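Notes to accompany the following structure.
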Amino acid sequence: MSWETAVLWIGAFSTLALYSVLYKENPVYRVAEHVFLGIATGYGLFVVWKDVLYPMWYKPFIVERQWAWIFALVAGLMYYTVYSKKLAWMSRVIMTTMMGLAAGLAFREFFGAWVPQIGKSFKPLYVSVNNEAGQFDLAQTIISSATNIIFVAVLICVMAYFFFSFEHKNRVAKGSAYMGRWLMMICFGAMFGSTIMARMSLFIGRLDFLFRDWIPLIK
Amino acid sequence: MQPLPTRNWEDILGKIDRRLVYIGLFLFTLAPLVGRWALPLNTTEPTKMLKKAFDGLPQDKVVLIASDWDAGTQAESRPQLTAVVRYLLRKKLKFILFSVTTPTSPQLGQTVVERAIEAEGMKDTWQYGTHWANMGYRIANAPWLRNFARSIQDAMKNDWKGVPLAKLDVTRGVDKFGPEGQVSMLVDVTGSSSIDNWYAYLSPSKVTIGLACTGVMAPEQYPFLDSGQLSGLLTGMKGAAEFEQLTEQKGFALAAMAGQSFAHLYIFIMLVLGNLSVILGTMKKRARG
């Protein structure tokens, strides 16, 4: 048996072992699950050393003798002082420093990712559209305007649901918040539908492996 | 002698063994794949937008592909990356691969590109180092991302085998994003939230950003498409299949969509039957008072 064939059979056995839980909880599934967890953890440790610690810290520090990298080691070790009552203050120093750093950087991320969203939410309710010949296009104008009106209405309703500064006693506030809840439910439904599609894709991926590579049924 | 309890439809439907349901799903998914049955596939606007974005790219710049997926999402991400790379090959656009979320991505991405080059019959004409490269994996913490947005050369330095970027034709001088830079577009093929990094750090550079994400992530990405931060979007395996159809490729995703469509049909039927069982049961209870 060649190495490729052995890998193929191990892959097929592992796939079937993991799917066996659909029938019922069983020892074969348990073994496969633990083997996968063990391999993933071991592989993760190896990758952290090979791709992160060795090229980014060990090599510059030990091989290239850039001694300033000792501070990274000290900062890293400060996290572990959390286990000592006497030295725990050191862990708080490094944690608060990193939290401050993260908070500062988050500002930039917020502006880069979300400010354009806020700007683009202010849509005109009436959009005049001209066709390629430069003439007024009534159908496209209606479609574009209706799209923007729906967008703004949905935005207001959903925001009304999350507006807690006053009690939703007013009919308008109550109605829009109620509508906002329904609109969010529709959104969550779409998200769940996409999740089902994604999970089915993973299943098809495994079927393709089993019935194309292992048992050549799919041509 | 006691009479045998009569079994109603609602009882039968409500008590189907889940293992039978799974077997049904298995058969409904496998049969179209084996029999090559297909349902019509409509190409959606986000996919067309991505193709349009590729079509507008200049030949003298490179496309950066963030290949951020691993074995967990390969059923969706692999066909997406394959479809995108094959189209770039047809357009003769040079590209550079890199990863920031999963250390296993560079190897997976490398294999996909090599197979795509083979599938397009360009093994002798499209060379590593000259037309494409793989810069490997880097940890995307905030300081590194800031540096990357400012200078690709400084942030990356080497390809995945440790060869300096200055020694490879395709990466030499590639340093900046946007209209003034050497990178015309960034496409993120991802199974995680790596796209958030590019919104945050690359949006200000005005570089064109495309996304190929898993189905789970897609609904959250539509607002970015609407705001113009994204130039196109492939949603899971369906997105890959639409892109294959649009660019006339014969790939895995189009074939797999047959199984996907029939599986959805089966789930839909099961949902209707399950709900029917509950509704019938409730109606009978109400009728009995």
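As shown in the structure tokens, the chain order sets the letters A, B, ...; within each chain, residues go from 1, and ligands are also counted from 1 in the order they appear.
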Tell me, as a PyMOL selection string, which residues lie within 12 Å of Leu77 (chain A), counting only C-alpha atoms; anything in the same chain fewer than 2 positions away does not count. chain A and resi 70-75+79-83+87-88+90-91+93-95
I want to know what sits within 10 Å of Asn42 (chain B), based on only C-alpha atoms, with residues of the same chain fewer than 5 positions away left out; could you give that as an MDAnalysis selection string? chainID B and resid 238 241:242 245:246
Let's have the selection written as a CSV table (one decimal), in the first residue's frame, with C-alpha atoms.
chain,number,residue,atom,x,y,z
B,238,LYS,CA,-22.8,29.4,-4.2
B,241,ALA,CA,-20.4,28.5,-8.5
B,242,GLU,CA,-21.9,31.8,-9.7
B,245,GLN,CA,-20.7,30.2,-14.4
B,246,LEU,CA,-20.1,33.9,-15.1
Neighbours of chain B in chain A at 6 Å, counting only C-alpha atoms, as a list in words: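 Close to chain B, chain A has Glu109, Gly112, Ala113, Gln117, Lys120, Met191, Ser194, Thr195, Ala198, Ser201, Leu202, Gly205 and Ile218 of chain A.
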May I have all residues of region 73-278 of chain B that DSSP, computed from the backbone, assigns to alpha helix (DSSP H), given as a ChimeraX atom specification? /B:74-90,105-119,142-150,152-156,195-202,218-226,236-246,252-278
Pick out the residues sitting within 9 Å of region 185-190 of chain B, and hand them over as number ranges by chain; count only C-alpha atoms, and ignore anything fewer than 2 positions along from it in its own chain. B: 53-54, 57, 61-70, 73, 77-78, 80-81, 84, 101, 177-178, 183, 192-195, 198, 207-214, 234
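Pairwise distance (CA of Leu105 (chain A), CA of Lys157 (chain B)) equals 23.8 Å.
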Would you mind listing what lies within 10 Å of region 119-130 of chain B as a list in words, with only C-alpha atoms counted and same-chain residues fewer than 6 positions away left out?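 Answer for this query is Thr82, Val85, Arg86, Tyr87, Leu89, Arg90, Lys92, Lys94, Phe95, Ile96, Val113, Asp159, Val163, Leu165, Lys167, Leu168, Asp169, Val170, Thr171, Arg172, Gln249, Lys250 and Gly251 of chain B.
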Would you please work out which residue, of B:Leu280, B:Leu41, B:Val272, B:Leu88, is nearest to Asp55 (chain B) when using only C-alpha atoms?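 Among the listed residues, B:Leu88 lies closest to Asp55 (chain B).
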For Lys48 (chain B): contacts at 8 Å, only C-alpha atoms, fewer than 5 positions along chain excluded, given as a list in words: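 Near neighbours after the sequence-gap exclusion: Thr43, Gly232, Phe243 and Leu246 of chain B.
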Pull C-alpha atoms from the residues just selected and write them as a PDB file, in the first residue's frame.
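Writing done, so here's part33.pdb:
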ATOM      1  CA  THR B  43     -25.908  34.901 -10.856  1.00  0.00           C
ATOM      2  CA  GLY B 232     -17.703  42.549  -4.924  1.00  0.00           C
ATOM      3  CA  PHE B 243     -18.357  33.077 -10.462  1.00  0.00           C
ATOM      4  CA  LEU B 246     -20.080  33.869 -15.074  1.00  0.00           C
TER       5      LEU B 246
END
What is the CA of Gln221 (chain B) to CA of Leu183 (chain A) distance in Å?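 According to the coordinates, CA of Gln221 (chain B) and CA of Leu183 (chain A) are separated by 17.2 Å.
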Nearest to Ile12 (chain B): which of B:Phe148, B:Met283, B:Gln182, B:Ser277 is it, counting only C-alpha atoms? B:Ser277
Interatomic distance between CA of Val115 (chain A) and CA of Val172 (chain A)?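 Computing the Euclidean distance for CA of Val115 (chain A) and CA of Val172 (chain A) yields 28.5 Å.
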